[in-house]
Every structure is written in C-alpha cells, then in structure tokens.
$ cat protein.cif   # mmCIF, C-alpha atoms
data_run
#
loop_
_atom_site.label_atom_id
_atom_site.label_comp_id
_atom_site.auth_asym_id
_atom_site.auth_seq_id
_atom_site.Cartn_x
_atom_site.Cartn_y
_atom_site.Cartn_z
CA MET A 10 12.17 -35.39 4.44
CA GLY A 11 9.82 -32.42 4.85
CA SER A 12 12.18 -30.62 7.24
CA ARG A 13 12.36 -27.58 4.99
CA ALA A 14 8.57 -27.18 5.06
CA GLU A 15 8.48 -27.73 8.80
CA SER A 16 11.19 -25.15 9.38
CA SER A 17 9.45 -22.54 7.26
CA THR A 18 6.21 -22.93 9.20
CA GLY A 19 7.90 -22.90 12.58
CA THR A 20 6.66 -26.34 13.55
CA GLY A 21 9.74 -28.46 12.95
CA GLN A 22 12.26 -29.40 15.57
CA GLY A 23 14.90 -27.26 13.86
CA ALA A 24 12.71 -24.16 13.81
CA SER A 25 13.72 -21.22 15.95
CA PRO A 26 11.45 -20.44 18.91
CA LEU A 27 10.20 -17.27 17.21
CA ALA A 28 10.22 -18.44 13.58
CA SER A 29 7.05 -16.69 12.46
CA SER A 30 7.41 -12.93 12.10
CA GLY A 31 3.74 -12.41 13.07
CA VAL A 32 4.14 -14.44 16.23
CA SER A 33 7.42 -12.69 16.96
CA ARG A 34 5.79 -9.29 16.54
CA LEU A 35 2.90 -10.21 18.85
CA TRP A 36 5.34 -11.60 21.41
CA ARG A 37 7.46 -8.44 21.31
CA LEU A 38 4.38 -6.20 21.60
CA SER A 39 3.08 -8.25 24.52
CA ASN A 40 6.43 -7.86 26.25
CA LEU A 41 6.44 -4.14 25.58
CA ALA A 42 2.91 -3.83 27.02
CA MET A 43 3.97 -5.78 30.11
CA ALA A 44 7.12 -3.68 30.51
CA VAL A 45 4.89 -0.58 30.47
CA PHE A 46 2.50 -2.15 32.98
CA PHE A 47 5.29 -3.23 35.33
CA GLY A 48 6.88 0.21 35.02
CA LEU A 49 3.62 1.97 35.82
CA ALA A 50 2.96 -0.44 38.68
CA GLY A 51 6.37 0.46 40.11
CA VAL A 52 5.77 4.20 39.75
CA VAL A 53 2.45 4.17 41.62
CA GLN A 54 4.12 2.46 44.58
CA ILE A 55 5.91 5.69 45.52
CA ASN A 56 3.28 6.55 48.12
CA ASP A 57 2.90 2.99 49.47
CA PRO A 58 3.85 2.36 53.12
CA ASP A 59 6.64 0.07 51.89
CA PRO A 60 7.54 1.57 48.49
CA GLY A 61 11.05 0.14 48.19
CA LEU A 62 9.80 -3.43 48.24
CA TRP A 63 7.07 -2.87 45.66
CA ILE A 64 9.10 -0.62 43.37
CA VAL A 65 11.73 -3.37 43.14
CA ALA A 66 9.02 -6.04 42.77
CA TYR A 67 7.77 -4.30 39.61
CA SER A 68 10.90 -2.59 38.29
CA VAL A 69 12.93 -5.78 37.93
CA PRO A 70 10.35 -7.49 35.68
CA ALA A 71 9.83 -4.19 33.84
CA ALA A 72 13.51 -4.12 32.91
CA LEU A 73 13.73 -7.85 32.13
CA THR A 74 10.57 -7.72 30.02
CA LEU A 75 11.67 -4.58 28.18
CA VAL A 76 14.91 -6.32 27.21
CA VAL A 77 12.90 -9.32 25.91
CA SER A 78 10.69 -7.00 23.86
CA PHE A 79 13.78 -5.75 22.01
CA ASN A 80 15.70 -9.03 21.90
CA PRO A 81 13.57 -12.14 22.64
CA PRO A 82 16.50 -14.63 22.58
CA ILE A 83 18.01 -12.81 25.60
CA ALA A 84 15.64 -14.89 27.75
CA ASP A 85 18.06 -17.79 27.15
CA ASN A 86 21.01 -15.80 28.55
CA VAL A 87 22.34 -17.14 31.87
CA VAL A 88 22.30 -13.70 33.53
CA TRP A 89 18.74 -12.98 32.36
CA LYS A 90 17.56 -16.43 33.48
CA SER A 91 19.27 -16.10 36.87
CA LEU A 92 17.75 -12.68 37.58
CA SER A 93 14.36 -13.86 36.39
CA ASP A 94 14.48 -17.05 38.46
CA LEU A 95 15.62 -15.26 41.60
CA HIS A 96 12.95 -12.61 41.25
CA SER A 97 10.26 -15.18 40.45
CA VAL A 98 11.11 -17.22 43.56
CA ALA A 99 10.93 -14.08 45.71
CA CYS A 100 7.57 -13.16 44.16
CA ALA A 101 6.23 -16.69 44.64
CA VAL A 102 7.24 -16.63 48.32
CA GLY A 103 5.63 -13.18 48.69
CA ALA A 104 2.47 -14.44 46.98
CA ALA A 105 2.31 -17.43 49.34
CA ILE A 106 2.64 -15.15 52.37
CA LEU A 107 -0.02 -12.78 51.05
CA GLY A 108 -2.29 -15.70 50.15
CA TYR A 109 -2.03 -17.05 53.68
CA SER A 110 -2.74 -13.60 55.09
CA LEU A 111 -5.80 -13.24 52.88
CA VAL A 112 -7.17 -16.64 53.86
CA ALA A 113 -6.68 -15.81 57.54
CA ASN A 114 -7.83 -12.17 57.52
CA ALA A 115 -9.81 -11.23 54.38
CA GLN A 116 -13.07 -9.50 55.16
CA LYS A 117 -14.25 -8.66 51.63
CA ASN A 118 -13.67 -9.58 48.00
CA ILE A 119 -9.92 -10.06 47.61
CA LEU A 120 -9.75 -7.26 45.01
CA HIS A 121 -11.06 -4.93 47.72
CA GLU A 122 -8.21 -5.95 50.00
CA GLU A 123 -4.83 -4.31 49.39
CA GLU A 124 -3.15 -7.67 49.98
CA GLY A 125 -5.37 -9.19 47.29
CA ARG A 126 -4.24 -6.65 44.71
CA GLU A 127 -0.63 -7.17 45.80
CA LEU A 128 -1.10 -10.93 45.49
CA PHE A 129 -2.42 -10.60 41.95
CA GLY A 130 0.51 -8.34 41.07
CA LEU A 131 3.02 -10.90 42.30
CA LEU A 132 1.23 -13.70 40.48
CA ILE A 133 1.25 -11.70 37.24
CA VAL A 134 5.00 -11.09 37.64
CA THR A 135 5.67 -14.77 38.34
CA VAL A 136 3.57 -16.07 35.45
CA TRP A 137 4.98 -13.52 33.00
CA MET A 138 8.58 -14.24 33.95
CA SER A 139 7.89 -17.96 33.54
CA LEU A 140 6.37 -17.37 30.11
CA CYS A 141 9.37 -15.25 29.06
CA ARG A 142 11.81 -17.83 30.34
CA SER A 143 10.10 -20.69 28.51
CA SER A 144 9.89 -18.66 25.29
CA ALA A 145 13.64 -18.93 24.76
CA LYS A 146 13.54 -22.70 24.34
CA ASN A 147 10.00 -23.49 23.19
CA SER A 148 8.11 -22.44 20.12
CA LEU A 149 5.59 -19.70 20.74
CA GLY A 150 2.57 -21.18 19.02
CA GLY A 151 -1.04 -20.09 19.00
CA VAL A 152 -1.87 -21.06 22.58
CA ARG A 153 1.22 -19.41 24.10
CA VAL A 154 0.74 -16.23 22.08
CA ALA A 155 -2.93 -16.15 23.09
CA ILE A 156 -1.88 -16.50 26.74
CA ALA A 157 0.72 -13.74 26.26
CA ILE A 158 -1.84 -11.40 24.68
CA PHE A 159 -4.39 -12.14 27.41
CA LEU A 160 -1.83 -11.63 30.17
CA SER A 161 -0.56 -8.41 28.64
CA LEU A 162 -4.09 -6.96 28.42
CA PHE A 163 -5.42 -8.36 31.72
CA PRO A 164 -3.53 -6.01 34.08
CA PHE A 165 -4.66 -2.92 32.17
CA VAL A 166 -8.28 -4.10 32.14
CA MET A 167 -8.13 -4.88 35.87
CA TRP A 168 -6.47 -1.55 36.61
CA LEU A 169 -9.22 0.23 34.68
CA TYR A 170 -11.92 -1.81 36.45
CA ILE A 171 -10.47 -1.11 39.88
CA TYR A 172 -10.04 2.58 39.08
CA MET A 173 -13.57 2.97 37.65
CA ASN A 174 -15.31 1.02 40.43
CA ALA A 175 -16.54 3.64 42.93
CA GLU A 176 -17.16 1.06 45.67
CA MET A 177 -13.63 -0.24 45.31
CA ARG A 178 -12.12 3.27 45.31
CA ALA A 179 -14.02 4.03 48.51
CA SER A 180 -12.36 1.05 50.23
CA TRP A 181 -8.82 2.08 49.20
CA PRO A 182 -6.39 2.95 51.97
CA SER A 183 -5.47 6.65 52.06
CA HIS A 184 -2.09 6.13 50.34
CA CYS A 185 -3.89 4.63 47.31
CA LYS A 186 -6.26 7.56 46.83
CA THR A 187 -3.53 9.80 45.46
CA VAL A 188 -2.32 7.44 42.70
CA ILE A 189 -3.02 7.83 38.99
#
$ encode --input "protein.cif" --output "structure tokens"
Amino acid sequence: MGSRAESSTGTGQGASPLASSGVSRLWRLSNLAMAVFFGLAGVVQINDPDPGLWIVAYSVPAALTLVVSFNPPIADNVVWKSLSDLHSVACAVGAAILGYSLVANAQKNILHEEEGRELFGLLIVTVWMSLCRSSAKNSLGGVRVAIAIFLSLFPFVMWLYIYMNAEMRASWPSHCKTVI
C-alpha cells in the first residue's frame, strides 16, 4: 500500500539509490568536480619532493570518482569497492601520521604548514571515497547531496584562498612556488 508513490519519490525501500534525476544529476556533477580536483591535485605534485606518493594519492580517487560520475552504480562493484577501501585505508593512515606530525611540530596555522595542506587533502580523499562507497547502497537524499555539493566546492574554494593569500604564498616551500 503506497509503495508505488514511495518508489516514485525515491523514499521507499524499493527505490533505487539514485531515483531522482535531479539528485542523480547533482551527484554526477559533484563527482565530476571532484575528479577534476583530484586530477589537478595530482598534476601539481610533479614538483613535490615525493611526487610519486602524492600523484598516486590523488590519481586513484580521480579515476574512481570519474568512473562514478559516468556510472554511479559502479560504486557497488567489488573491484571498485576494494580499490576504494584500500586507498581510503592508506589515506587514513597517512592522515594519522601527518596529524601526529602537526601536533608535535606545527609552528603556525596548519594551512600554512605543508603537512597541514597534505592532511586536508588526505581527509578530503577519505571522506569523498566513503561518500561514494555509501552512495551505492543508500539513497542520496537532501543532506547527502548537500554534503556532496559542499565537499565538491570546498577544495576549489580552499585552493583559491590559499593561492590568493599573499602571506600564505610567502610561507610556501620553494617547490610550491612554481605550481599553478
């Protein structure tokens, strides 16, 4: 009783995770924006002292997120989930190590510390991969889509803030001064 109405609104138990075309479109666009961000974040690592590590750290979620932007149900695929989980665990471990280093050694605002920016990058990767993974099974309602939109805009706003802030640019290590 009422299951047809629930299914058409995307709120019933039988509804697909991305039942609403508007929600689906926003989810796909958010994933596309994050794929672009992760791709750009990987590209600017080329002049980092340890570029291989950071290029992989951002390229893997760029590829996984790009695939989700084209085909959201892929996040329920065992290969996609395994790659995402493995990468997320590695990023969480890296974030814990960087967090400890920041607590022990930070001298300024954590955004002024290279490790702080790296920490935020790893946290963004971990949170986004978790959101993608959960999207395959759970309905993407208003709160989740709002989180996805916020998270997909946040890195670009922070990147712009960091780039436009003269005091922050002055504190960059030399390898960061030649990036975009």
$ resolve_selection --input "protein.cif" --expression "the PyMOL selection byres ((chain A and resi 162) around 12)" --output "MDAnalysis selection string"
chainID A and resid 38:46 133 155:161 163:169
$ atom_distance --input "protein.cif" --atom1 "atom CA of A:Phe47" --atom2 "atom CA of A:Ser143"
19.4 Å
$ residues_near_point --input "protein.cif" --point "(4.9, -12.3, 35.4)" --cutoff "10 Å" --atoms "all atoms listed in the file" --output "VMD selection string"
chain A and resid 43 47 67 70 to 71 74 93 96 to 97 100 129 to 141 160 to 161
$ atom_distance --input "protein.cif" --atom1 "atom CA of A:Val102" --atom2 "atom CA of A:Trp36"
27.4 Å
$ atom_distance --input "protein.cif" --atom1 "atom CA of A:Val154" --atom2 "atom CA of A:Val32"
7.0 Å
$ closest_residue --input "protein.cif" --among "A:Val77, A:Leu107, A:Ile119, A:Ala101" --to "A:Arg34" --atoms "all atoms listed in the file"
A:Val77
$ closest_residue --input "protein.cif" --among "A:Ser68, A:Ala104, A:Asp94, A:Val87" --to "A:Val53" --atoms "all atoms listed in the file"
A:Ser68
$ axis_aligned_box --input "protein.cif" --around "stretch 96-104 of chain A" --padding-each-side "6 Å" --output "AutoDock Vina command-line options"
--center_x 7.7 --center_y -14.9 --center_z 44.6 --size_x 22.5 --size_y 16.6 --size_z 20.2
$ residues_around --input "protein.cif" --residues "A:Ala145" --least-positions-apart "3" --cutoff "8 Å" --atoms "all atoms listed in the file" --output "ChimeraX atom specification"
/A:26,81-85,141-142
